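Data block for work_38.cif (mmCIF, C-alpha atoms and all ligand atoms):
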data_final
loop_
_atom_site.label_atom_id
_atom_site.label_comp_id
_atom_site.auth_asym_id
_atom_site.auth_seq_id
_atom_site.Cartn_x
_atom_site.Cartn_y
_atom_site.Cartn_z
CA MET A 1331 126.72 29.31 128.40
CA SER A 1332 125.09 27.61 125.44
CA LYS A 1333 126.98 27.75 122.11
CA GLN A 1334 123.76 26.97 120.29
CA LEU A 1335 122.06 29.99 121.80
CA ILE A 1336 124.93 32.27 120.80
CA HIS A 1337 124.99 30.96 117.23
CA LYS A 1338 121.26 31.37 116.90
CA VAL A 1339 121.43 35.03 117.95
CA GLU A 1340 124.50 35.81 115.87
CA ASN A 1341 123.13 34.15 112.75
CA HIS A 1342 119.81 35.89 113.07
CA PHE A 1343 121.47 39.26 113.46
CA LYS A 1344 123.72 38.76 110.43
CA ALA A 1345 120.83 37.58 108.28
CA GLU A 1346 118.59 40.50 109.25
CA PHE A 1347 121.09 43.35 109.45
CA ASN A 1348 123.93 42.21 107.16
CA VAL A 1349 126.83 43.22 109.43
CA GLU A 1350 129.10 41.52 111.95
CA PRO A 1351 127.73 42.16 115.45
CA LEU A 1352 129.36 42.68 118.79
CA MET A 1353 128.25 39.74 120.96
CA VAL A 1354 127.52 40.03 124.68
CA PHE A 1355 126.37 37.46 127.23
CA SER A 1356 124.68 38.41 130.50
CA PRO A 1357 123.74 35.74 133.05
CA GLY A 1358 120.80 35.18 135.35
CA ARG A 1359 121.43 34.60 139.03
CA ILE A 1360 120.58 32.44 141.98
CA ASN A 1361 120.51 33.72 145.55
CA LEU A 1362 121.78 31.53 148.37
CA ILE A 1363 120.07 33.67 151.01
CA GLY A 1364 118.95 37.26 151.67
CA GLU A 1365 115.56 37.89 150.07
CA HIS A 1366 114.00 41.39 149.90
CA THR A 1367 116.87 42.68 152.00
CA ASP A 1368 118.51 44.52 149.08
CA TYR A 1369 116.05 47.44 148.87
CA ASN A 1370 116.37 47.71 152.65
CA ASN A 1371 120.10 48.42 152.37
CA GLY A 1372 120.83 44.97 153.78
CA PHE A 1373 122.91 41.92 152.85
CA VAL A 1374 122.41 39.42 150.02
CA PHE A 1375 124.37 36.38 148.84
CA PRO A 1376 123.71 35.77 145.13
CA ALA A 1377 125.75 34.20 142.33
CA ALA A 1378 125.66 34.41 138.53
CA ILE A 1379 124.79 31.22 136.66
CA ASP A 1380 125.60 29.70 133.28
CA LYS A 1381 122.16 30.51 131.85
CA GLY A 1382 121.36 33.98 130.56
CA ILE A 1383 120.84 36.22 127.57
CA ALA A 1384 122.97 36.34 124.45
CA MET A 1385 122.78 39.63 122.57
CA ALA A 1386 124.08 40.76 119.17
CA ILE A 1387 124.38 44.48 118.57
CA GLY A 1388 125.65 46.80 115.84
CA LYS A 1389 125.27 50.43 114.76
CA SER A 1390 122.40 51.30 112.43
CA ASP A 1391 122.73 53.75 109.57
CA THR A 1392 119.00 54.51 109.52
CA ASP A 1393 117.04 56.93 111.73
CA ARG A 1394 115.52 54.10 113.77
CA SER A 1395 116.77 51.44 116.18
CA THR A 1396 115.43 47.90 115.79
CA ILE A 1397 115.52 45.43 118.66
CA VAL A 1398 114.49 41.82 118.04
CA SER A 1399 113.44 39.35 120.72
CA LEU A 1400 113.94 35.94 119.11
CA ASP A 1401 112.14 34.17 121.94
CA MET A 1402 109.02 36.30 121.58
CA GLY A 1403 109.29 36.57 117.80
CA GLU A 1404 108.75 40.33 118.15
CA HIS A 1405 110.41 43.50 116.86
CA LEU A 1406 110.63 46.85 118.59
CA VAL A 1407 111.40 49.77 116.30
CA VAL A 1408 112.13 53.05 118.06
CA ASP A 1409 113.12 56.61 117.42
CA LEU A 1410 115.73 57.45 120.08
CA LYS A 1411 114.44 61.00 120.23
CA ASN A 1412 110.97 59.94 121.19
CA LEU A 1413 110.99 57.02 123.61
CA GLN A 1414 107.78 56.06 125.32
CA ARG A 1415 106.90 53.45 127.89
CA ILE A 1416 104.50 50.79 126.60
CA GLU A 1417 101.36 50.26 128.68
CA ASP A 1418 101.34 46.45 128.65
CA ASN A 1419 103.94 44.83 130.82
CA THR A 1420 106.31 43.58 128.11
CA TRP A 1421 110.03 42.90 127.49
CA LYS A 1422 110.02 46.11 125.44
CA ASN A 1423 109.89 48.25 128.58
CA TYR A 1424 113.16 46.78 129.84
CA VAL A 1425 114.81 47.76 126.57
CA LEU A 1426 113.18 51.20 126.40
CA GLY A 1427 114.04 51.79 130.04
CA VAL A 1428 117.73 51.03 129.59
CA VAL A 1429 118.03 53.20 126.48
CA SER A 1430 116.22 56.06 128.15
CA GLU A 1431 118.40 55.84 131.27
CA ILE A 1432 121.54 55.86 129.10
CA LEU A 1433 120.26 58.96 127.33
CA LYS A 1434 119.75 60.63 130.71
CA THR A 1435 123.50 60.34 131.37
CA GLU A 1436 123.97 62.65 128.38
CA LYS A 1437 126.40 60.21 126.82
CA GLU A 1438 125.97 60.07 123.11
CA ILE A 1439 124.45 57.06 121.43
CA THR A 1440 123.18 56.80 117.89
CA ASN A 1441 120.74 54.31 116.41
CA PHE A 1442 121.58 50.63 116.71
CA ASN A 1443 120.20 47.23 115.83
CA CYS A 1444 120.10 44.40 118.24
CA ALA A 1445 118.85 40.82 118.54
CA PHE A 1446 118.72 38.70 121.64
CA ALA A 1447 117.53 35.37 123.03
CA GLY A 1448 117.88 33.61 126.35
CA ASN A 1449 117.69 30.28 128.13
CA ILE A 1450 116.50 31.44 131.56
CA PRO A 1451 112.92 30.42 132.21
CA ILE A 1452 110.97 33.70 132.46
CA GLY A 1453 109.21 34.43 135.76
CA SER A 1454 111.16 31.72 137.60
CA GLY A 1455 113.05 34.01 139.98
CA LEU A 1456 116.33 33.64 138.08
CA SER A 1457 116.40 37.25 136.92
CA SER A 1458 115.90 37.10 133.23
CA SER A 1459 115.02 40.79 133.54
CA ALA A 1460 118.37 41.85 135.02
CA ALA A 1461 120.13 39.75 132.36
CA LEU A 1462 118.26 41.63 129.64
CA GLU A 1463 118.87 45.05 131.18
CA ASN A 1464 122.55 44.38 131.81
CA SER A 1465 123.17 42.88 128.38
CA LEU A 1466 121.80 45.97 126.66
CA ALA A 1467 123.44 48.51 128.99
CA PHE A 1468 126.78 46.70 128.70
CA ALA A 1469 126.49 46.24 124.93
CA CYS A 1470 125.70 49.95 124.35
CA ASN A 1471 128.61 50.93 126.59
CA GLN A 1472 130.95 48.83 124.44
CA LEU A 1473 129.47 49.70 121.07
CA PHE A 1474 129.45 53.46 121.63
CA ASP A 1475 132.51 53.58 123.85
CA LEU A 1476 130.58 55.41 126.55
CA GLY A 1477 133.17 54.86 129.26
CA LEU A 1478 130.58 53.98 131.92
CA SER A 1479 131.78 51.79 134.78
CA LYS A 1480 130.09 48.48 135.57
CA THR A 1481 128.64 50.09 138.68
CA GLU A 1482 127.14 52.90 136.62
CA LEU A 1483 125.73 50.31 134.24
CA ILE A 1484 123.93 48.35 136.97
CA HIS A 1485 122.34 51.55 138.23
CA ILE A 1486 121.11 52.25 134.71
CA SER A 1487 119.62 48.74 134.65
CA GLN A 1488 117.99 49.18 138.05
CA LYS A 1489 116.51 52.57 137.15
CA ALA A 1490 115.09 51.09 133.95
CA GLU A 1491 113.16 48.69 136.13
CA HIS A 1492 111.99 51.42 138.51
CA ASN A 1493 110.99 53.93 135.87
CA TYR A 1494 109.83 51.82 132.93
CA VAL A 1495 108.80 48.44 134.32
CA GLY A 1496 107.40 49.80 137.56
CA VAL A 1497 109.14 47.46 140.05
CA ASN A 1498 110.91 49.12 142.98
CA CYS A 1499 113.61 46.49 142.91
CA GLY A 1500 116.88 46.55 144.82
CA ILE A 1501 120.31 46.16 143.26
CA MET A 1502 120.96 42.45 143.90
CA ASP A 1503 120.01 41.01 140.51
CA GLN A 1504 121.83 43.57 138.41
CA TYR A 1505 124.89 43.38 140.66
CA ALA A 1506 125.09 39.58 140.59
CA SER A 1507 124.52 39.39 136.86
CA MET A 1508 127.23 41.99 136.19
CA PHE A 1509 129.88 41.01 138.74
CA GLY A 1510 129.42 37.23 139.07
CA LYS A 1511 132.46 34.96 139.13
CA ASN A 1512 132.87 31.32 138.17
CA SER A 1513 132.32 29.01 141.22
CA HIS A 1514 131.79 31.95 143.60
CA ALA A 1515 128.89 33.61 145.38
CA ILE A 1516 128.88 37.34 146.11
CA PHE A 1517 128.34 38.49 149.67
CA LEU A 1518 127.03 41.98 148.96
CA ASP A 1519 126.38 44.83 151.34
CA CYS A 1520 123.66 46.76 149.53
CA LYS A 1521 124.21 49.84 151.67
CA THR A 1522 127.83 50.40 150.66
CA LEU A 1523 127.83 48.26 147.49
CA THR A 1524 130.97 46.56 148.73
CA SER A 1525 131.21 42.84 148.18
CA GLU A 1526 133.23 39.77 148.92
CA LEU A 1527 133.56 36.83 146.55
CA VAL A 1528 133.16 33.59 148.47
CA PRO A 1529 134.09 30.25 146.84
CA VAL A 1530 131.11 27.88 146.84
CA HIS A 1531 132.37 24.49 147.96
CA LEU A 1532 129.45 22.46 149.14
CA CYS A 1533 131.40 19.26 149.91
CA ASP A 1534 129.05 16.32 149.29
CA TYR A 1535 126.17 18.60 148.31
CA GLU A 1536 125.02 20.35 145.16
CA ILE A 1537 122.55 23.10 144.36
CA ILE A 1538 119.35 21.96 142.71
CA LEU A 1539 116.60 24.38 141.70
CA VAL A 1540 113.03 23.18 141.54
CA ASN A 1541 110.84 25.46 139.47
CA SER A 1542 107.23 25.40 140.64
CA ASN A 1543 106.30 26.72 137.20
CA VAL A 1544 104.04 29.18 138.96
CA LYS A 1545 105.02 32.31 137.09
CA HIS A 1546 105.36 35.61 138.82
CA ALA A 1547 105.46 39.09 137.30
CA LEU A 1548 106.84 41.27 140.06
CA ALA A 1549 105.13 44.38 138.67
CA GLU A 1550 101.77 42.77 139.37
CA SER A 1551 102.68 40.89 142.53
CA GLY A 1552 102.96 42.07 146.12
CA TYR A 1553 106.58 43.10 145.60
CA ASN A 1554 105.94 46.85 145.65
CA ASP A 1555 103.57 46.41 148.63
CA ARG A 1556 106.39 44.82 150.62
CA TYR A 1557 108.62 47.72 149.65
CA ALA A 1558 105.94 50.15 150.84
CA VAL A 1559 105.61 48.45 154.25
CA CYS A 1560 109.37 48.71 154.81
CA GLN A 1561 109.29 52.37 153.78
CA LYS A 1562 106.44 53.03 156.18
CA ILE A 1563 108.40 51.55 159.10
CA VAL A 1564 111.58 53.52 158.39
CA LYS A 1565 109.61 56.74 157.99
CA LEU A 1566 107.90 56.23 161.35
CA LEU A 1567 111.28 55.61 162.94
CA ASN A 1568 112.89 58.43 161.04
CA LYS A 1569 115.70 56.18 159.79
CA PRO A 1570 117.27 56.00 156.33
CA SER A 1571 116.53 52.26 156.00
CA LEU A 1572 115.76 49.07 157.92
CA ARG A 1573 119.49 48.42 158.05
CA GLU A 1574 119.77 51.11 160.72
CA VAL A 1575 116.83 49.77 162.74
CA SER A 1576 117.39 47.59 165.83
CA ASN A 1577 115.03 45.00 167.30
CA GLU A 1578 114.31 47.35 170.21
CA GLU A 1579 113.40 50.21 167.90
CA LEU A 1580 111.09 47.99 165.90
CA ASN A 1581 109.47 46.68 169.11
CA ALA A 1582 108.84 50.23 170.24
CA LEU A 1583 106.74 50.71 167.12
CA LYS A 1584 104.46 47.77 167.86
CA THR A 1585 101.45 49.85 168.85
CA LYS A 1586 101.69 52.07 165.78
CA ILE A 1587 101.77 49.39 163.08
CA SER A 1588 99.79 46.23 162.42
CA GLN A 1589 101.02 42.80 163.48
CA SER A 1590 101.58 41.90 159.86
CA GLU A 1591 103.69 45.03 159.26
CA TYR A 1592 105.69 44.32 162.39
CA ASN A 1593 106.35 40.75 161.21
CA LYS A 1594 107.59 42.03 157.89
CA GLY A 1595 110.02 44.45 159.50
CA LEU A 1596 111.24 41.75 161.87
CA TYR A 1597 111.74 39.33 159.00
CA ILE A 1598 114.13 41.80 157.30
CA LEU A 1599 116.14 42.28 160.50
CA GLN A 1600 116.42 38.52 161.00
CA GLU A 1601 117.16 37.77 157.36
CA ASN A 1602 120.11 40.17 157.41
CA GLU A 1603 121.56 38.24 160.35
CA ARG A 1604 121.05 34.97 158.51
CA VAL A 1605 122.94 36.20 155.44
CA VAL A 1606 125.99 37.09 157.53
CA ALA A 1607 125.78 33.75 159.39
CA CYS A 1608 125.44 31.88 156.10
CA LYS A 1609 128.51 33.54 154.61
CA ASP A 1610 130.54 32.64 157.71
CA ALA A 1611 129.28 29.05 157.70
CA LEU A 1612 130.04 28.62 153.99
CA LYS A 1613 133.58 29.88 154.50
CA GLU A 1614 134.03 27.31 157.26
CA ASN A 1615 132.58 24.51 155.10
CA ASP A 1616 129.80 24.13 157.65
CA ILE A 1617 127.16 23.03 155.15
CA GLU A 1618 124.80 21.86 157.86
CA THR A 1619 124.49 25.40 159.22
CA VAL A 1620 124.12 26.81 155.71
CA GLY A 1621 121.24 24.39 155.13
CA GLN A 1622 119.59 25.15 158.45
CA LEU A 1623 119.69 28.86 157.66
CA LEU A 1624 117.99 28.20 154.32
CA PHE A 1625 115.11 26.41 156.06
CA GLU A 1626 114.81 29.26 158.59
CA SER A 1627 114.88 31.80 155.81
CA HIS A 1628 111.98 30.05 154.09
CA ALA A 1629 109.93 30.01 157.27
CA GLY A 1630 110.41 33.79 157.53
CA GLN A 1631 109.55 34.35 153.87
CA SER A 1632 106.44 32.24 154.11
CA LYS A 1633 105.06 33.11 157.56
CA MET A 1634 106.35 36.61 158.24
CA TYR A 1635 107.09 38.37 154.96
CA ASP A 1636 104.29 36.47 153.21
CA ILE A 1637 105.88 36.13 149.79
CA SER A 1638 105.59 32.37 149.32
CA CYS A 1639 102.68 30.41 147.81
CA ILE A 1640 101.24 26.95 148.44
CA GLU A 1641 103.31 25.37 145.67
CA LEU A 1642 106.61 26.75 147.04
CA ASP A 1643 105.69 25.81 150.61
CA PHE A 1644 104.88 22.31 149.43
CA LEU A 1645 108.23 21.97 147.62
CA VAL A 1646 110.15 23.12 150.71
CA ASP A 1647 108.14 20.83 153.03
CA GLU A 1648 108.80 17.86 150.76
CA ALA A 1649 112.50 18.73 150.59
CA LYS A 1650 112.62 18.91 154.39
CA LYS A 1651 111.16 15.41 154.67
CA ASN A 1652 113.87 14.06 152.37
CA ASP A 1653 117.04 12.90 154.13
CA SER A 1654 119.25 13.90 151.23
CA VAL A 1655 118.28 17.59 151.48
CA ILE A 1656 120.15 19.67 154.04
CA GLY A 1657 118.45 23.00 153.28
CA ALA A 1658 115.79 24.50 151.01
CA ARG A 1659 113.83 27.71 150.56
CA MET A 1660 111.95 29.76 148.01
CA MET A 1661 114.26 31.97 145.98
CA GLY A 1662 113.98 35.44 144.46
CA GLY A 1663 111.08 37.87 144.60
CA GLY A 1664 108.60 35.16 145.58
CA PHE A 1665 104.93 34.47 144.73
CA GLY A 1666 106.13 31.64 142.47
CA GLY A 1667 109.33 30.65 140.70
CA CYS A 1668 111.96 28.29 142.11
CA THR A 1669 113.09 26.76 145.34
CA ILE A 1670 116.81 26.38 145.95
CA ASN A 1671 117.83 23.06 147.51
CA LEU A 1672 121.12 21.77 148.89
CA VAL A 1673 121.04 18.10 148.00
CA LYS A 1674 123.46 15.25 148.69
CA LYS A 1675 125.13 14.47 145.36
CA SER A 1676 124.92 10.70 145.82
CA SER A 1677 121.13 10.76 146.19
CA SER A 1678 120.33 13.78 144.05
CA ASN A 1679 118.73 11.79 141.23
CA ASN A 1680 116.46 10.08 143.71
CA PHE A 1681 115.41 13.40 145.20
CA GLN A 1682 114.71 14.86 141.79
CA SER A 1683 112.46 12.04 140.63
CA LYS A 1684 110.68 11.86 143.97
CA ILE A 1685 109.88 15.55 144.16
CA SER A 1686 108.76 15.64 140.52
CA LYS A 1687 106.29 12.85 141.17
CA THR A 1688 104.85 14.21 144.42
CA TYR A 1689 104.51 17.72 142.95
CA LYS A 1690 102.68 16.41 139.90
CA LYS A 1691 100.41 14.33 142.08
CA LYS A 1692 99.56 17.23 144.36
CA PHE A 1693 99.07 20.05 141.83
CA ASN A 1694 98.59 18.20 138.57
CA ARG A 1695 101.35 20.37 137.15
CA ASP A 1696 104.97 19.57 136.31
CA CYS A 1697 107.87 21.16 138.12
CA SER A 1698 111.18 21.66 136.28
CA ILE A 1699 114.55 20.85 137.76
CA TYR A 1700 117.88 22.54 137.06
CA LYS A 1701 121.35 21.77 138.32
CA VAL A 1702 123.14 25.05 138.90
CA ILE A 1703 126.55 25.97 137.55
CA LEU A 1704 128.00 29.22 138.87
CA ASN A 1705 129.64 31.30 136.18
CA ASP A 1706 131.05 34.72 135.28
CA GLY A 1707 129.11 37.97 135.01
CA THR A 1708 128.18 40.07 131.95
CA ARG A 1709 130.89 39.97 129.27
CA VAL A 1710 131.80 40.39 125.64
CA ILE A 1711 131.87 36.99 123.96
CA LYS A 1712 132.87 38.06 120.45
C1 LIG A 1801 113.71 40.51 142.84
C2 LIG A 1801 114.31 41.91 142.83
C3 LIG A 1801 115.56 41.99 143.69
C4 LIG A 1801 115.30 41.43 145.09
C5 LIG A 1801 114.61 40.07 145.00
C6 LIG A 1801 114.18 39.56 146.34
O1 LIG A 1801 114.55 39.60 142.22
O2 LIG A 1801 114.64 42.30 141.50
O3 LIG A 1801 116.01 43.32 143.78
O4 LIG A 1801 114.58 42.31 145.88
O5 LIG A 1801 113.46 40.10 144.18
O6 LIG A 1801 115.28 39.33 147.15
#
Translate the structure described by the file into structure tokens.
Amino acid sequence: MSKQLIHKVENHFKAEFNVEPLMVFSPGRINLIGEHTDYNNGFVFPAAIDKGIAMAIGKSDTDRSTIVSLDMGEHLVVDLKNLQRIEDNTWKNYVLGVVSEILKTEKEITNFNCAFAGNIPIGSGLSSSAALENSLAFACNQLFDLGLSKTELIHISQKAEHNYVGVNCGIMDQYASMFGKNSHAIFLDCKTLTSELVPVHLCDYEIILVNSNVKHALAESGYNDRYAVCQKIVKLLNKPSLREVSNEELNALKTKISQSEYNKGLYILQENERVVACKDALKENDIETVGQLLFESHAGQSKMYDISCIELDFLVDEAKKNDSVIGARMMGGGFGGCTINLVKKSSSNNFQSKISKTYKKKFNRDCSIYKVILNDGTRVIK
């Protein structure tokens, strides 16, 4: 968590609104394994990170609420009684969505002022959107003493995304950002919303993210199409979700769906198995198996679920060729963003400079590299 970021937000808020704010921090997340399984009631294995969104909030004594994005240099001024989605896909819809979902709970909130800024690269698959949703939902809950539980708050965040942003996302990002714990990953069953915190000890390895700098906006990508394919399969099988579907049942559907739809269903079934295997391997300090599962997961994401892109495939192929990398895959919604790599600490610098050079040479574009620190979930910081 960056002190500079927090001071910037706090100082801006005080200068603009002349009161002491309540300060909240909400992190982004990584995901070890389990991609697109969340909206299929499956398993995921994410963790909150030390990068995120710092938010300052305070009550307003006017008849409007003002929300300031310092990163965008933009203001949103709203009348709580008349909230409307904005047509362009903008940060404002995340904010409007959260406020409107809070109002639906019939809890009382009055006008407020708020300023926020973040240090998660947008569109990189690190869930800047969940960090924004959670920071506002959590901050309003504190400020107005709404008495909503953290679980209620993440559902507010998720519905904001469904209803205002237009992405049929699962619950992984909001859950990880809210419930993350220092040095732990969260093995989450998205069907029951029960979870297990697993310490992340990678022995001689560390997690390195390589950002392809290919930006994705899930609302415009194939994300909702993937969701629709999964829905089609479960409807045909008359099941609540792919979690309840067996390999045999999916095979029986082969003549009724296309090969590509079949592959997508099969990917979800296999990915769920990999998440469970990965959790077990991590608990046994079997980093080799964890790494192998990451490579297998990428193959499924790229060839079966079709959510990778040439830049991500290239980064994973290069990582695979490198002896110091024990596992790598694309991470998050896909179509761009980061790869997650398990890299031997002693040769990590070498790996980083090598992959930067080859990526630049191939695509004439820079990649960005981040070392990941796992940290706590959404919290009051002042
Ligand atoms: C995005 C969504 C999540 C999840 C991932 C893919 O981050 O917000 O709900 O589906 O993609 O695993």
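With all atoms listed in the file as the atoms that count, the minimum distance from ligand LIG 1801 (chain A) to the choices A:Ala1447, A:Ile1363, A:Cys1499, A:Leu1623 is reached by A:Cys1499.
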| field | Exercise answer, 10 Å around ligand LIG 1801 (chain A) with all atoms listed in the file, as a PyMOL selection string | value | chain A and resi 1359-1361+1363-1370+1373-1376+1453-1460+1488+1491-1492+1497-1505+1548+1553-1554+1556-1557+1637+1661-1664
| message | Quick one: residues within 8 Å of A:Val1575, all atoms listed in the file, excluding same-chain residues fewer than 6 positions away - as a ChimeraX atom specification? | response | /A:1564,1569,1599
Produce a table with one row for each residue of stretch 1466-1545 of chain A that has an atom at most 9 Å from any atom of stretch 1641-1656 of chain A, each row naming the nearest atom pair and its distance in Å at one decimal; use only C-alpha atoms; arrange rows by chain and rising residue number; format as a tab-separated table.
residue	atom	partner	partner_atom	distance
A:Tyr1535	CA	A:Ile1656	CA	8.4
A:Val1540	CA	A:Leu1645	CA	7.8
A:Asn1541	CA	A:Leu1642	CA	8.8
A:Ser1542	CA	A:Glu1641	CA	6.4
A:Val1544	CA	A:Glu1641	CA	7.8
| field | Shell of 9 Å around A:Gln1682, all atoms listed in the file, local chain residues under 4 positions omitted, as a list in words | value |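 That gives Ile1538, Val1540, Ser1677, Ser1678, Ser1686, Lys1687 and Ile1699 of chain A.
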| Which residue out of A:Asn1371, A:Asp1696, A:Val1673, A:Asn1464 has the minimum interatomic distance to A:Leu1518 when all atoms listed in the file are used? | A:Asn1371
| Selected residue of minimal separation from A:Gly1552 among A:Gln1414, A:Thr1396, A:Phe1665, A:Phe1347, counting all atoms listed in the file |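 Counting all atoms listed in the file, the residue closest to A:Gly1552 is A:Phe1665.
Contact shell of A:Gln1589 at 12 Å (only C-alpha atoms; same-chain neighbours under 5 positions omitted): Val1559, Leu1580, Asn1581, Leu1583, Lys1584, Lys1594, Gly1595, Leu1596, Met1634 and Tyr1635 of chain A.
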